[in-house]
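> Below you will find the structure I want to go over with you.
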Amino acid sequence: MRENVTISYRGKVYEIGRGEHFYGIWAVSSPQPNPAEWWPDTPEGWSGAWARFTSLEAPGSIAPVGHSPAPAAADRTPGIIASVALLVIGVVVGIAGLFPAYLNGASLASQGDEVVPHLIYLAAWAASAVLILLGGARARVGAMLGLGVSIVTFGLFFADAGQAMSGGTQVAGGGLWLGLVSWLLCAAGAVVAFRVRPPGQPGKPRGDEVGPVVMLMLAGLGAAIAFAPSWDSYTLHTAAGATQSFTEGNAFANPWPVIFGDVAVMVLLAAAVATAALWRPIRFGAALLAGAIIPMAAQAISAFIQVSGTTSPSMFGISPAEAAAAGLTIGSGLTAAFWIYCAFVVAMIASCAWMVMTPHSAVPEPPRPQAPGGQAWPPFGPDAAGSHTVPAQALGAGEEAPGEAGDAGEAGEGGEEPGPGAEPARTGYGPHDEGTAEAFS
């Protein structure tokens, strides 16, 4: 029997709750009164206990006490099936669009710097479809991933369509129209999955999250701004040793429909990053952030591929024959603006990793067990002399009680294991928060 214990959440193998002066994890099938691992009765202790509990349990198996976790198959509702179908059809249409003429008679498949980013978009949407099909929390991750990719690529596809708007319909080939249909289908699939299984909402960051959240927002804004200047640098060398340099790719040196698309990329990227930084539960915000990062990283990869190839003299209005006769050569490189952009993208990737890997208190702390007479047990904390004490548990032979609260919950990876000696008494299953199960099923 467990004395004065409130079990709040249970998985397939383990359960987590609150004891008289501690948080603990017990094996579901074990009648032992003492937890397998314990942490101090502090907010930090709860964060460590919850991080450990979620690392032990299978995804989707955690539910509040008295509730059974919904199986993944239950997520395969008509809405989820429609979402996956839209994403799969969109990916297939996108692959088909790689081969016909895209713009100015050239297909995406014939241009390395163009086909690679499109393949990356399609791979991200395909991964989104797989995650949504798996159900549970992974379905929500997939919805946020697909949504992030769709938000940012809207501007990129609009910029491509803008070239057809400004140059006439003869500029656009069948590949462009297939690409636009592919984006529309994939974006619709992600939106449907988002609406069927809403993965949380924006919320106010905690005190220890304010700094990283602000840094992430600044990185997103910086990447958006650095997307506008010229990235490509070309140097024309003559036989006499003279050189002339040019830059290409300024977002505002294009026809207005293309400018609109590029500005949409910048605005939507900054908005998606800010939303991801504030999203709670934070792991779903990380999925949205990852989706927004993928197209921007793909643009950087495209720039690398473009400058690594041979530059045609026709870019400068010179035929290859004339360039050869005059002894002209062209070198290519990347501007400082591009490297600044890459630094901001790397910062966003690091922030995404922090959001995924750093333990966060994703659920409210369980209620404190009640002592006889309805009075709450005193909290764990400093005594009258100012020092911290551990719960009054008897440790096993040869073990020493830690003298400070931090000794029992260091690093959030497991506290001291209490030995036998607890007084036998009742098992107390107290109230729980029914509204938090959805985020972990």
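Each chain of the structure tokens is named A, B, ... in the order shown, its residues numbered from 1; ligands are numbered from 1 in display order.
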Write out as a PyMOL selection string the set of residues from stretch 127-315 of chain A that DSSP, computed on the backbone, places in alpha helix (DSSP H).
chain A and resi 127-134+136-167+174-196+210-226+256-278+282-308
> What are the nearest atom pairs, with distances in Å to one decimal, for all residues of stretch 230-283 of chain A that come at most 10 Å from stretch 307-317 of chain A, using only C-alpha atoms, set out by chain and rising residue number as JSON lines?

{"residue": "A:Trp231", "atom": "CA", "partner": "A:Val307", "partner_atom": "CA", "distance": 10.0}
{"residue": "A:Asp232", "atom": "CA", "partner": "A:Val307", "partner_atom": "CA", "distance": 7.4}
{"residue": "A:Ser233", "atom": "CA", "partner": "A:Val307", "partner_atom": "CA", "distance": 8.5}
{"residue": "A:Tyr234", "atom": "CA", "partner": "A:Thr311", "partner_atom": "CA", "distance": 8.5}
{"residue": "A:Leu236", "atom": "CA", "partner": "A:Pro313", "partner_atom": "CA", "distance": 9.0}
{"residue": "A:Phe246", "atom": "CA", "partner": "A:Phe316", "partner_atom": "CA", "distance": 9.4}
> As an mmCIF file with N, CA and C atoms, in the first residue's frame, please: the residues near stretch 146-163 of chain A (cut-off 6 Å, only C-alpha atoms, same-chain neighbours under 4 positions excluded).

data_model
loop_
_atom_site.group_PDB
_atom_site.id
_atom_site.type_symbol
_atom_site.label_atom_id
_atom_site.label_comp_id
_atom_site.auth_asym_id
_atom_site.auth_seq_id
_atom_site.Cartn_x
_atom_site.Cartn_y
_atom_site.Cartn_z
ATOM 1 N N TRP A 125 6.769 17.198 -46.898
ATOM 2 C CA TRP A 125 5.328 16.922 -46.925
ATOM 3 C C TRP A 125 5.054 15.417 -46.799
ATOM 4 N N SER A 128 5.384 14.508 -43.283
ATOM 5 C CA SER A 128 4.187 14.975 -42.580
ATOM 6 C C SER A 128 3.049 13.974 -42.733
ATOM 7 N N GLY A 167 6.034 37.928 -67.351
ATOM 8 C CA GLY A 167 6.612 37.608 -68.649
ATOM 9 C C GLY A 167 5.639 37.051 -69.653
ATOM 10 N N ALA A 187 -0.788 21.877 -48.787
ATOM 11 C CA ALA A 187 -1.191 22.861 -47.777
ATOM 12 C C ALA A 187 -2.576 22.529 -47.232
ATOM 13 N N ALA A 190 -2.317 19.626 -44.740
ATOM 14 C CA ALA A 190 -1.781 20.024 -43.445
ATOM 15 C C ALA A 190 -2.825 20.792 -42.633
ATOM 16 N N PRO A 257 5.155 41.216 -59.271
ATOM 17 C CA PRO A 257 4.608 39.954 -58.735
ATOM 18 C C PRO A 257 5.674 39.097 -58.048
ATOM 19 N N VAL A 258 6.902 39.142 -58.577
ATOM 20 C CA VAL A 258 7.980 38.379 -57.949
ATOM 21 C C VAL A 258 8.354 39.017 -56.614
ATOM 22 N N GLY A 261 5.933 37.936 -53.981
ATOM 23 C CA GLY A 261 6.220 36.591 -53.494
ATOM 24 C C GLY A 261 7.388 36.566 -52.526
ATOM 25 N N ASP A 262 8.461 37.290 -52.845
ATOM 26 C CA ASP A 262 9.625 37.317 -51.965
ATOM 27 C C ASP A 262 9.301 37.991 -50.628
ATOM 28 N N ALA A 264 6.372 38.062 -49.289
ATOM 29 C CA ALA A 264 5.511 37.114 -48.572
ATOM 30 C C ALA A 264 6.354 36.075 -47.847
ATOM 31 N N VAL A 265 7.437 35.615 -48.478
ATOM 32 C CA VAL A 265 8.332 34.668 -47.804
ATOM 33 C C VAL A 265 8.877 35.291 -46.530
ATOM 34 N N LEU A 268 5.958 35.834 -43.845
ATOM 35 C CA LEU A 268 5.424 34.572 -43.326
ATOM 36 C C LEU A 268 6.467 33.812 -42.523
ATOM 37 N N LEU A 269 7.739 33.908 -42.920
ATOM 38 C CA LEU A 269 8.785 33.259 -42.133
ATOM 39 C C LEU A 269 8.856 33.858 -40.736
ATOM 40 N N LEU A 288 6.433 23.059 -35.877
ATOM 41 C CA LEU A 288 6.108 24.181 -36.759
ATOM 42 C C LEU A 288 7.376 24.918 -37.176
ATOM 43 N N GLY A 291 9.252 22.967 -39.778
ATOM 44 C CA GLY A 291 8.625 23.124 -41.078
ATOM 45 C C GLY A 291 8.967 24.447 -41.746
ATOM 46 N N ALA A 292 9.087 25.512 -40.950
ATOM 47 C CA ALA A 292 9.455 26.821 -41.519
ATOM 48 C C ALA A 292 10.923 26.875 -41.901
#
> Counting only C-alpha atoms, figure out which residue out of A:Val13, A:Ala298, A:Ala350, A:Met165 gets nearest to A:Asn254.
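Under the stated criterion, the closest residue is A:Met165.
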> Find, counting only C-alpha atoms, the residue in A:Arg52, A:Cys186, A:Ile25, A:Val5 that gets nearest to A:Gly94.
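Checking each of A:Arg52, A:Cys186, A:Ile25, A:Val5 against A:Gly94, counting only C-alpha atoms, the winner is A:Cys186.
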> Find, counting only C-alpha atoms, the residue in A:Val93, A:Ala143, A:Ala127, A:Ile282 that gets nearest to A:Leu180.
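Of the candidates, the smallest distance to A:Leu180 is held by A:Val93.
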> Using only C-alpha atoms, which protein or nucleic acid residues come within 9 Å of A:Val356? Drop anything in the same chain fewer than 5 positions from it, and give the result as a ChimeraX atom specification.
/A:282-284,286-287,351
> Please indicate the distance in Å from atom CA of A:Ile95 to atom CA of A:Gly174, rounded to one decimal place.
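Separation of atom CA of A:Ile95 and atom CA of A:Gly174: 12.5 Å.
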> Please report, as a PyMOL selection string, each residue of stretch 47-125 of chain A to which DSSP assigns strand (DSSP E or B) when run on this structure's backbone.
chain A and resi 63-64+101-103+106-107
> Point out the residue among A:Pro40, A:Pro198, A:Gly135, A:Pro33 with the least atom-to-atom distance to A:Thr77, counting only C-alpha atoms.
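Of all the options, A:Gly135 lies closest to A:Thr77.
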